[in-house]
>>> print(open('upload-v7.cif').read())   # mmCIF, C-alpha atoms
data_coords
#
loop_
_atom_site.group_PDB
_atom_site.id
_atom_site.type_symbol
_atom_site.label_atom_id
_atom_site.label_comp_id
_atom_site.auth_asym_id
_atom_site.auth_seq_id
_atom_site.Cartn_x
_atom_site.Cartn_y
_atom_site.Cartn_z
ATOM 1 C CA MET E 177 -0.801 -22.489 44.754
ATOM 2 C CA SER E 178 -0.775 -24.892 47.657
ATOM 3 C CA PRO E 179 -0.066 -28.456 46.459
ATOM 4 C CA THR E 180 -2.095 -31.421 47.724
ATOM 5 C CA ARG E 181 -0.371 -34.389 49.359
ATOM 6 C CA ALA E 182 -0.103 -36.289 46.062
ATOM 7 C CA GLU E 183 1.047 -33.177 44.168
ATOM 8 C CA PHE E 184 3.723 -32.439 46.763
ATOM 9 C CA HIS E 185 5.013 -36.000 46.481
ATOM 10 C CA VAL E 186 5.137 -35.651 42.683
ATOM 11 C CA LEU E 187 7.164 -32.438 43.073
ATOM 12 C CA LEU E 188 9.506 -34.208 45.505
ATOM 13 C CA ALA E 189 9.948 -37.137 43.112
ATOM 14 C CA LEU E 190 10.844 -34.756 40.285
ATOM 15 C CA LEU E 191 13.626 -33.130 42.338
ATOM 16 C CA ASP E 192 15.816 -36.068 41.274
ATOM 17 C CA GLY E 193 15.234 -35.393 37.586
ATOM 18 C CA PRO E 194 12.639 -35.988 34.847
ATOM 19 C CA ARG E 195 10.293 -38.956 35.222
ATOM 20 C CA HIS E 196 7.480 -40.536 33.222
ATOM 21 C CA GLY E 197 4.096 -41.459 34.711
ATOM 22 C CA TYR E 198 4.781 -44.955 35.985
ATOM 23 C CA GLY E 199 8.220 -43.900 37.264
ATOM 24 C CA LEU E 200 6.509 -41.175 39.279
ATOM 25 C CA MET E 201 4.007 -43.650 40.742
ATOM 26 C CA GLN E 202 6.870 -45.857 41.908
ATOM 27 C CA ASP E 203 8.886 -42.946 43.287
ATOM 28 C CA VAL E 204 5.932 -41.556 45.235
ATOM 29 C CA GLU E 205 5.355 -44.942 46.866
ATOM 30 C CA GLU E 206 9.031 -45.276 47.697
ATOM 31 C CA LEU E 207 9.363 -41.696 49.002
ATOM 32 C CA SER E 208 6.372 -42.129 51.305
ATOM 33 C CA GLY E 209 7.668 -45.458 52.613
ATOM 34 C CA GLY E 210 4.718 -47.267 51.032
ATOM 35 C CA ARG E 211 2.169 -45.106 52.882
ATOM 36 C CA LEU E 212 1.008 -43.293 49.766
ATOM 37 C CA GLN E 213 0.201 -45.336 46.696
ATOM 38 C CA ILE E 214 -1.227 -43.282 43.867
ATOM 39 C CA GLY E 215 -3.057 -44.688 40.868
ATOM 40 C CA PRO E 216 -2.968 -43.341 37.306
ATOM 41 C CA GLY E 217 -6.100 -41.217 37.854
ATOM 42 C CA THR E 218 -4.709 -39.402 40.892
ATOM 43 C CA LEU E 219 -1.323 -39.062 39.222
ATOM 44 C CA TYR E 220 -2.544 -37.551 35.961
ATOM 45 C CA THR E 221 -5.048 -35.197 37.589
ATOM 46 C CA ALA E 222 -2.133 -33.993 39.740
ATOM 47 C CA ILE E 223 0.096 -33.691 36.658
ATOM 48 C CA LYS E 224 -2.597 -31.686 34.868
ATOM 49 C CA ARG E 225 -2.948 -29.262 37.783
ATOM 50 C CA LEU E 226 0.810 -28.886 38.199
ATOM 51 C CA ARG E 227 1.267 -28.276 34.464
ATOM 52 C CA THR E 228 -1.505 -25.672 34.413
ATOM 53 C CA ALA E 229 0.171 -23.888 37.333
ATOM 54 C CA ARG E 230 3.492 -24.189 35.470
ATOM 55 C CA LEU E 231 5.169 -26.038 38.313
ATOM 56 C CA ILE E 232 6.196 -28.890 36.028
ATOM 57 C CA SER E 233 6.691 -29.089 32.282
ATOM 58 C CA GLU E 234 6.891 -31.735 29.634
ATOM 59 C CA THR E 235 10.273 -32.877 28.407
ATOM 60 C CA ASP E 236 11.282 -35.044 25.488
ATOM 61 C CA ALA E 237 11.434 -38.732 26.432
ATOM 62 C CA GLY E 238 12.050 -40.201 22.988
ATOM 63 C CA ASP E 239 8.912 -42.291 23.401
ATOM 64 C CA GLU E 240 5.703 -41.377 21.571
ATOM 65 C CA ARG E 241 3.410 -42.998 24.086
ATOM 66 C CA ARG E 242 5.046 -41.776 27.271
ATOM 67 C CA ARG E 243 5.856 -38.229 28.136
ATOM 68 C CA CYS E 244 8.426 -37.253 30.729
ATOM 69 C CA TYR E 245 7.901 -34.411 33.171
ATOM 70 C CA LYS E 246 10.427 -32.162 34.840
ATOM 71 C CA LEU E 247 10.297 -29.606 37.622
ATOM 72 C CA THR E 248 10.304 -25.936 36.638
ATOM 73 C CA ARG E 249 12.031 -23.215 38.652
ATOM 74 C CA LYS E 250 8.631 -22.077 39.888
ATOM 75 C CA GLY E 251 7.811 -25.674 40.861
ATOM 76 C CA ARG E 252 10.996 -25.948 42.888
ATOM 77 C CA GLY E 253 10.110 -22.703 44.668
ATOM 78 C CA VAL E 254 6.608 -23.965 45.516
ATOM 79 C CA ALA E 255 8.036 -27.276 46.770
ATOM 80 C CA GLU E 256 10.496 -25.369 48.993
ATOM 81 C CA GLU E 257 7.700 -23.182 50.363
ATOM 82 C CA GLU E 258 5.533 -26.214 51.101
ATOM 83 C CA ALA E 259 8.436 -28.010 52.804
ATOM 84 C CA GLN E 260 9.039 -24.886 54.895
ATOM 85 C CA ARG E 261 5.362 -24.737 55.835
ATOM 86 C CA LEU E 262 5.307 -28.397 56.861
ATOM 87 C CA SER E 263 8.529 -28.003 58.831
ATOM 88 C CA GLU E 264 6.978 -25.045 60.666
ATOM 89 C CA LEU E 265 3.952 -27.208 61.504
ATOM 90 C CA VAL E 266 6.203 -29.961 62.861
ATOM 91 C CA ARG E 267 8.046 -27.371 64.968
ATOM 92 C CA LEU E 268 4.721 -26.185 66.388
ATOM 93 C CA ALA E 269 3.589 -29.749 67.082
ATOM 94 C CA ARG E 270 6.853 -30.361 68.973
ATOM 95 C CA LYS E 271 6.409 -27.159 70.937
ATOM 96 C CA ARG E 272 2.912 -28.280 71.984
ATOM 97 C CA GLY E 273 4.145 -31.708 73.012
ATOM 98 C CA LEU E 274 2.367 -33.556 70.219
ATOM 99 C CA LEU E 275 5.669 -34.878 68.927
ATOM 100 C CA PRO E 276 8.733 -35.814 70.992
ATOM 101 C CA SER E 277 11.366 -33.094 71.178
ATOM 102 C CA THR E 278 14.511 -33.719 69.157
ATOM 103 C CA SER E 279 16.879 -32.119 71.694
ATOM 104 C CA MET K 97 -9.637 -59.071 28.447
ATOM 105 C CA THR K 98 -6.260 -57.458 29.113
ATOM 106 C CA ALA K 99 -5.824 -54.848 31.825
ATOM 107 C CA GLU K 100 -5.185 -52.240 29.142
ATOM 108 C CA ARG K 101 -8.394 -53.029 27.284
ATOM 109 C CA ALA K 102 -10.468 -52.979 30.463
ATOM 110 C CA TYR K 103 -8.893 -49.703 31.553
ATOM 111 C CA ARG K 104 -9.614 -48.185 28.128
ATOM 112 C CA LEU K 105 -13.307 -48.640 28.946
ATOM 113 C CA LEU K 106 -12.852 -47.136 32.397
ATOM 114 C CA LEU K 107 -11.231 -44.061 30.872
ATOM 115 C CA HIS K 108 -14.643 -43.031 29.537
ATOM 116 C CA VAL K 109 -15.531 -41.960 33.070
ATOM 117 C CA TYR K 110 -13.125 -39.016 32.703
ATOM 118 C CA PRO K 111 -14.059 -35.815 30.825
ATOM 119 C CA ARG K 112 -13.283 -36.111 27.103
ATOM 120 C CA ARG K 113 -10.670 -33.348 27.057
ATOM 121 C CA PHE K 114 -8.753 -34.950 29.917
ATOM 122 C CA ARG K 115 -8.994 -38.389 28.281
ATOM 123 C CA GLU K 116 -7.623 -37.064 25.007
ATOM 124 C CA GLU K 117 -4.720 -35.377 26.746
ATOM 125 C CA TYR K 118 -3.658 -38.129 29.154
ATOM 126 C CA GLY K 119 -5.539 -41.305 28.138
ATOM 127 C CA ASP K 120 -2.666 -42.997 26.277
ATOM 128 C CA GLU K 121 -0.185 -42.326 29.059
ATOM 129 C CA MET K 122 -2.628 -43.600 31.663
ATOM 130 C CA LEU K 123 -3.092 -46.787 29.675
ATOM 131 C CA ALA K 124 0.667 -47.302 29.497
ATOM 132 C CA ALA K 125 0.980 -46.658 33.244
ATOM 133 C CA VAL K 126 -1.797 -49.146 34.074
ATOM 134 C CA SER K 127 -0.311 -51.826 31.910
ATOM 135 C CA GLU K 128 3.108 -51.419 33.596
ATOM 136 C CA MET K 129 1.469 -51.288 36.981
ATOM 137 C CA ARG K 130 -0.389 -54.554 36.299
ATOM 138 C CA ARG K 131 2.866 -56.260 35.293
ATOM 139 C CA HIS K 132 4.620 -55.228 38.529
ATOM 140 C CA PHE K 133 1.664 -55.462 40.908
ATOM 141 C CA ASP K 134 2.334 -57.806 43.862
ATOM 142 C CA GLY K 135 -1.242 -58.547 44.961
ATOM 143 C CA SER K 136 -4.132 -60.456 43.399
ATOM 144 C CA ALA K 137 -6.156 -59.322 40.378
ATOM 145 C CA THR K 138 -9.020 -58.412 42.719
ATOM 146 C CA ALA K 139 -6.739 -56.188 44.824
ATOM 147 C CA PHE K 140 -5.393 -54.560 41.658
ATOM 148 C CA TRP K 141 -8.823 -53.765 40.217
ATOM 149 C CA THR K 142 -10.174 -52.590 43.581
ATOM 150 C CA PHE K 143 -7.295 -50.120 43.757
ATOM 151 C CA VAL K 144 -7.720 -48.990 40.138
ATOM 152 C CA LEU K 145 -11.502 -48.628 40.463
ATOM 153 C CA ARG K 146 -11.249 -46.596 43.671
ATOM 154 C CA ASP K 147 -8.614 -44.384 42.071
ATOM 155 C CA THR K 148 -10.737 -43.911 38.927
ATOM 156 C CA VAL K 149 -13.918 -43.019 40.807
ATOM 157 C CA CYS K 150 -12.155 -40.464 43.036
ATOM 158 C CA ALA K 151 -9.993 -38.893 40.317
ATOM 159 C CA ALA K 152 -12.716 -38.798 37.650
ATOM 160 C CA GLY K 153 -15.191 -37.340 40.156
ATOM 161 C CA ARG K 154 -12.739 -34.563 41.068
ATOM 162 C CA GLU K 155 -11.966 -33.911 37.400
ATOM 163 C CA ARG K 156 -15.647 -33.770 36.421
ATOM 164 C CA LEU K 157 -16.332 -31.340 39.252
ATOM 165 C CA HIS K 158 -13.333 -29.306 38.152
ATOM 166 C CA SER K 159 -14.586 -29.122 34.577
ATOM 167 C CA MET K 160 -17.940 -27.772 35.820
ATOM 168 C CA ARG K 161 -16.403 -24.608 37.265
ATOM 169 C CA TRP K 162 -17.674 -22.601 34.319
ATOM 170 C CA LEU K 163 -21.176 -23.277 35.635
ATOM 171 C CA ALA K 164 -20.281 -21.862 39.045
ATOM 172 C CA THR K 165 -18.705 -18.799 37.382
ATOM 173 C CA ALA K 166 -21.813 -18.218 35.278
ATOM 174 C CA ALA K 167 -24.138 -18.813 38.229
ATOM 175 C CA CYS K 168 -22.207 -16.319 40.345
ATOM 176 C CA GLY K 169 -22.437 -13.656 37.614
ATOM 177 C CA LEU K 170 -26.124 -14.338 37.140
ATOM 178 C CA LEU K 171 -26.879 -14.223 40.858
ATOM 179 C CA VAL K 172 -24.923 -11.056 41.626
ATOM 180 C CA THR K 173 -26.356 -9.239 38.591
ATOM 181 C CA THR K 174 -29.890 -10.348 39.490
ATOM 182 C CA ILE K 175 -29.465 -9.094 43.054
ATOM 183 C CA ALA K 176 -27.987 -5.806 41.797
ATOM 184 C CA GLY K 177 -30.853 -5.399 39.303
ATOM 185 C CA ASP K 178 -33.385 -6.132 42.039
ATOM 186 C CA LEU K 179 -31.751 -3.584 44.320
ATOM 187 C CA VAL K 180 -31.883 -0.941 41.589
ATOM 188 C CA THR K 181 -35.545 -1.688 40.924
ATOM 189 C CA TRP K 182 -36.354 -1.608 44.628
ATOM 190 C CA THR K 183 -34.445 1.645 45.180
ATOM 191 C CA TYR K 184 -36.137 3.205 42.154
ATOM 192 C CA GLY K 185 -39.551 2.189 43.452
ATOM 193 C CA TYR K 186 -38.795 3.258 47.031
ATOM 194 C CA PHE K 187 -37.596 6.740 46.166
ATOM 195 C CA TYR K 188 -40.196 7.271 43.462
ATOM 196 C CA HIS K 189 -41.669 10.729 43.447
ATOM 197 C CA PRO K 190 -44.359 12.088 41.078
ATOM 198 C CA TYR K 191 -41.866 14.862 40.224
ATOM 199 C CA PHE K 192 -39.913 12.257 38.226
ATOM 200 C CA GLU K 193 -42.987 11.118 36.324
ATOM 201 C CA GLY K 194 -42.141 10.899 32.650
ATOM 202 C CA VAL K 195 -38.389 10.822 33.251
ATOM 203 C CA PRO K 196 -37.540 7.334 32.031
ATOM 204 C CA VAL K 197 -34.350 5.460 32.836
ATOM 205 C CA ARG K 198 -32.551 5.039 29.527
ATOM 206 C CA VAL K 199 -31.883 1.500 28.361
ATOM 207 C CA LEU K 200 -28.326 2.333 27.334
ATOM 208 C CA PRO K 201 -26.924 3.456 30.724
ATOM 209 C CA TYR K 202 -28.990 0.810 32.488
ATOM 210 C CA GLY K 203 -27.523 -1.880 30.213
ATOM 211 C CA ILE K 204 -24.007 -0.528 30.765
ATOM 212 C CA ALA K 205 -24.492 -0.556 34.543
ATOM 213 C CA LEU K 206 -25.746 -4.156 34.494
ATOM 214 C CA GLY K 207 -22.854 -5.162 32.228
ATOM 215 C CA LEU K 208 -20.340 -3.631 34.648
ATOM 216 C CA VAL K 209 -21.838 -5.649 37.493
ATOM 217 C CA LEU K 210 -21.932 -8.799 35.359
ATOM 218 C CA GLY K 211 -18.355 -8.404 34.112
ATOM 219 C CA GLY K 212 -17.060 -7.635 37.604
ATOM 220 C CA SER K 213 -18.851 -10.504 39.314
ATOM 221 C CA THR K 214 -17.883 -13.155 36.740
ATOM 222 C CA ALA K 215 -14.267 -11.922 36.774
ATOM 223 C CA MET K 216 -14.252 -12.133 40.561
ATOM 224 C CA ALA K 217 -15.744 -15.648 40.485
ATOM 225 C CA GLN K 218 -13.212 -16.718 37.869
ATOM 226 C CA ARG K 219 -10.348 -15.431 40.012
ATOM 227 C CA LEU K 220 -11.596 -17.425 42.969
ATOM 228 C CA LEU K 221 -12.273 -20.586 40.994
ATOM 229 C CA PHE K 222 -9.228 -20.446 38.710
ATOM 230 C CA PRO K 223 -6.321 -19.402 40.915
ATOM 231 C CA SER K 224 -3.750 -20.486 38.366
ATOM 232 C CA ALA K 225 -3.342 -19.095 34.863
ATOM 233 C CA GLU K 226 -6.326 -20.130 32.798
ATOM 234 C CA ARG K 227 -5.653 -21.349 29.289
ATOM 235 C CA ARG K 228 -8.970 -20.322 27.828
ATOM 236 C CA ALA K 229 -9.207 -16.862 29.371
ATOM 237 C CA HIS K 230 -10.294 -15.264 26.098
ATOM 238 C CA GLN K 231 -13.112 -17.733 25.537
ATOM 239 C CA TRP K 232 -14.259 -17.296 29.120
ATOM 240 C CA MET K 233 -14.281 -13.565 28.662
ATOM 241 C CA LEU K 234 -16.409 -13.738 25.520
ATOM 242 C CA ALA K 235 -18.732 -16.352 26.980
ATOM 243 C CA SER K 236 -19.482 -14.391 30.108
ATOM 244 C CA ALA K 237 -19.852 -11.108 28.265
ATOM 245 C CA ILE K 238 -22.109 -12.368 25.503
ATOM 246 C CA ALA K 239 -23.725 -15.649 26.532
ATOM 247 C CA LEU K 240 -24.782 -14.467 29.963
ATOM 248 C CA PRO K 241 -26.548 -11.275 28.865
ATOM 249 C CA VAL K 242 -28.321 -13.348 26.208
ATOM 250 C CA ALA K 243 -29.301 -15.896 28.832
ATOM 251 C CA ILE K 244 -30.384 -13.240 31.288
ATOM 252 C CA LEU K 245 -32.400 -11.127 28.869
ATOM 253 C CA PHE K 246 -34.044 -13.783 26.769
ATOM 254 C CA CYS K 247 -34.532 -16.503 29.376
ATOM 255 C CA SER K 248 -36.097 -14.025 31.753
ATOM 256 C CA ALA K 249 -38.443 -12.867 28.980
ATOM 257 C CA ALA K 250 -39.299 -16.471 28.105
ATOM 258 C CA ILE K 251 -39.882 -17.435 31.742
ATOM 259 C CA ASP K 252 -42.007 -14.343 32.190
ATOM 260 C CA ARG K 253 -44.166 -15.261 29.190
ATOM 261 C CA ALA K 254 -44.417 -18.923 30.094
ATOM 262 C CA VAL K 255 -45.273 -18.477 33.738
ATOM 263 C CA THR K 256 -47.499 -15.409 33.703
ATOM 264 C CA GLY K 257 -51.117 -16.440 33.768
ATOM 265 C CA VAL K 258 -50.307 -20.109 34.130
ATOM 266 C CA LEU K 259 -49.289 -20.377 37.753
ATOM 267 C CA PRO K 260 -50.801 -18.648 40.763
ATOM 268 C CA ILE K 261 -47.273 -17.601 41.816
ATOM 269 C CA ALA K 262 -46.748 -15.953 38.441
ATOM 270 C CA ASN K 263 -46.722 -12.475 39.897
ATOM 271 C CA VAL K 264 -43.968 -13.318 42.338
ATOM 272 C CA HIS K 265 -41.803 -15.886 40.580
ATOM 273 C CA PRO K 266 -40.711 -14.100 37.387
ATOM 274 C CA ARG K 267 -40.102 -10.861 39.228
ATOM 275 C CA VAL K 268 -36.711 -12.079 40.407
ATOM 276 C CA LEU K 269 -35.454 -12.466 36.859
ATOM 277 C CA ASP K 270 -37.502 -10.017 34.874
ATOM 278 C CA VAL K 271 -35.797 -6.969 36.391
ATOM 279 C CA PHE K 272 -33.576 -7.120 33.334
ATOM 280 C CA VAL K 273 -36.464 -6.796 30.961
ATOM 281 C CA LEU K 274 -38.969 -4.961 33.101
ATOM 282 C CA GLY K 275 -36.497 -3.069 35.305
ATOM 283 C CA PRO K 276 -36.573 0.722 35.653
ATOM 284 C CA ALA K 277 -35.426 1.120 32.039
ATOM 285 C CA ARG K 278 -38.472 -0.787 30.682
ATOM 286 C CA PRO K 279 -37.444 -1.487 27.081
ATOM 287 C CA GLN K 280 -40.242 -0.469 24.738
ATOM 288 C CA GLY K 281 -39.661 -3.149 22.130
ATOM 289 C CA TRP K 282 -37.098 -5.355 20.475
ATOM 290 C CA SER K 283 -34.842 -2.459 19.470
ATOM 291 C CA ASP K 284 -34.684 -1.178 23.048
ATOM 292 C CA LEU K 285 -34.025 -4.695 24.262
ATOM 293 C CA ALA K 286 -31.242 -5.071 21.693
ATOM 294 C CA ILE K 287 -29.664 -1.782 22.801
ATOM 295 C CA GLN K 288 -29.814 -2.867 26.433
ATOM 296 C CA PHE K 289 -28.252 -6.225 25.542
ATOM 297 C CA ALA K 290 -25.490 -4.670 23.425
ATOM 298 C CA ALA K 291 -24.637 -2.159 26.154
ATOM 299 C CA MET K 292 -24.613 -4.912 28.751
ATOM 300 C CA ALA K 293 -22.443 -7.257 26.667
ATOM 301 C CA ALA K 294 -20.006 -4.509 25.663
ATOM 302 C CA SER K 295 -19.459 -3.184 29.176
ATOM 303 C CA ALA K 296 -19.120 -6.724 30.583
ATOM 304 C CA LEU K 297 -16.572 -7.456 27.862
ATOM 305 C CA VAL K 298 -14.576 -4.321 28.690
ATOM 306 C CA VAL K 299 -14.501 -5.199 32.390
ATOM 307 C CA ARG K 300 -13.432 -8.768 31.652
ATOM 308 C CA ALA K 301 -10.733 -7.545 29.269
ATOM 309 C CA LEU K 302 -9.368 -5.087 31.830
ATOM 310 C CA VAL K 303 -9.288 -7.739 34.539
ATOM 311 C CA LEU K 304 -8.004 -10.666 32.512
ATOM 312 C CA MET K 305 -5.581 -9.194 30.009
ATOM 313 C CA PRO K 306 -2.800 -8.387 32.518
ATOM 314 C CA ARG K 307 -3.015 -12.032 33.687
ATOM 315 C CA VAL K 308 -2.789 -13.378 30.151
ATOM 316 C CA ARG K 309 0.105 -11.016 29.319
ATOM 317 C CA SER K 310 2.063 -12.006 32.426
ATOM 318 C CA ARG K 311 1.458 -15.669 31.599
ATOM 319 C CA HIS K 312 2.927 -15.202 28.114
ATOM 320 C CA ALA K 313 5.877 -13.300 29.573
ATOM 321 C CA HIS K 314 6.853 -16.414 31.558
#
>>> encode(input="upload-v7.cif", output="structure tokens")
Amino acid sequence: MSPTRAEFHVLLALLDGPRHGYGLMQDVEELSGGRLQIGPGTLYTAIKRLRTARLISETDAGDERRRCYKLTRKGRGVAEEEAQRLSELVRLARKRGLLPSTS
Amino acid sequence: MTAERAYRLLLHVYPRRFREEYGDEMLAAVSEMRRHFDGSATAFWTFVLRDTVCAAGRERLHSMRWLATAACGLLVTTIAGDLVTWTYGYFYHPYFEGVPVRVLPYGIALGLVLGGSTAMAQRLLFPSAERRAHQWMLASAIALPVAILFCSAAIDRAVTGVLPIANVHPRVLDVFVLGPARPQGWSDLAIQFAAMAASALVVRALVLMPRVRSRHAH
């Protein structure tokens, strides 16, 4: 599966370890430098899709009301693939002069 | 009214299943978000409302995929049935007079098309492992033949003689009842339905079971 922008940010946030919903919302905002702010609706629809695809799983948080989520091995693989794909796109954009060359 | 109480009302915009699964967590997240939100109450609720409308809309659309799966099966099977009827009529020769198309093989053939097309639609619409694969399989193998056979008969009865387009309109659907097999009564219709449902079920089982097994293996 190809993750959406919000889903990819959730996967990135979970690379640091398990998080609960609000923690993920904060991490996504921080990771994107404030450019992406996701609300509970976007977050939990993303969580549902990622859980169905088995990219993340639930983990015990010791809190009845809040569940924590962690990245699965498959989820890490998908995140790596997506990062690779984006990096390839950036390389192409550089080659075409859309972005300044790093060298 | 607290943010949590107001958001509890907003949660009703989401499909019930989704609300039951994530509603409590969403409430907790909103209440924490409200506590730490930097902007005004108006900015907060504008953000939450926009998020709710977009996410609930996507989720509602997502939960309607069964309709698209069913519609695809219905459409493909109707077209296939029409093609069979047309081919049968086109190549008709008096030599074949009195050689009827049996309801059993005709039902099986339609079921194979139905099972194949709904399985294909499900694969396209549900790229990830589907939790309710078994229910989907049963629904498309049993509910759709029922819908096709009995709705087409009902439409045929209701429209014939009432509307001037009666001779054209029901023809699209009634190929299942009045196709080349031409069931001669309720027992023939039941045989055609059973054959259709059984073959659709077999196709769905063959297509879906490896997916379900591999899902359990993980």
>>> residues_near_point(input="upload-v7.cif", point="(14.1, -29.8, 41.2)", cutoff="7 Å", atoms="only C-alpha atoms", output="list in words")
Leu190, Leu191, Asp192, Gly193, Leu247 and Arg252 of chain E
>>> interface_residues(input="upload-v7.cif", of="chain K", to="chain E", cutoff="10 Å", atoms="all atoms listed in the file", output="count of residues only")
35
>>> atom_distance(input="upload-v7.cif", atom1="atom CA of K:Tyr103", atom2="atom CA of E:Leu231")
28.3 Å
>>> atom_distance(input="upload-v7.cif", atom1="atom CA of K:Arg161", atom2="atom CA of K:Ala176")
22.5 Å
>>> atom_distance(input="upload-v7.cif", atom1="atom CA of E:Val266", atom2="atom CA of E:Ala189")
21.3 Å
>>> resolve_selection(input="upload-v7.cif", expression="the PyMOL selection byres ((chain K and resi 298) around 10)", output="list in words")
Gly207, Leu208, Gly211, Gly212, Met233, Ala237, Ala293, Ala294, Ser295, Ala296, Leu297, Val299, Arg300, Ala301, Leu302, Val303 and Leu304 of chain K
>>> resolve_selection(input="upload-v7.cif", expression="the PyMOL selection byres ((chain E and resi 244) around 7)", output="list in words")
Pro194, Arg195, His196, Glu234, Thr235, Asp236, Ala237, Arg242, Arg243, Tyr245 and Lys246 of chain E
>>> residues_around(input="upload-v7.cif", residues="E:Leu262", least_positions_apart="4", cutoff="12 Å", atoms="only C-alpha atoms", output="list of chain:residue names")
E:Ser178, E:Pro179, E:Arg181, E:Phe184, E:Ala255, E:Glu256, E:Glu257, E:Glu258, E:Val266, E:Arg267, E:Leu268, E:Ala269
>>> closest_residue(input="upload-v7.cif", among="K:Arg115, K:Arg130, K:Phe187, K:Trp282", to="K:Glu100", atoms="only C-alpha atoms")
K:Arg130
>>> closest_residue(input="upload-v7.cif", among="K:Ala102, K:Met160, K:Ile287, K:Leu170", to="K:Gly203", atoms="only C-alpha atoms")
K:Ile287
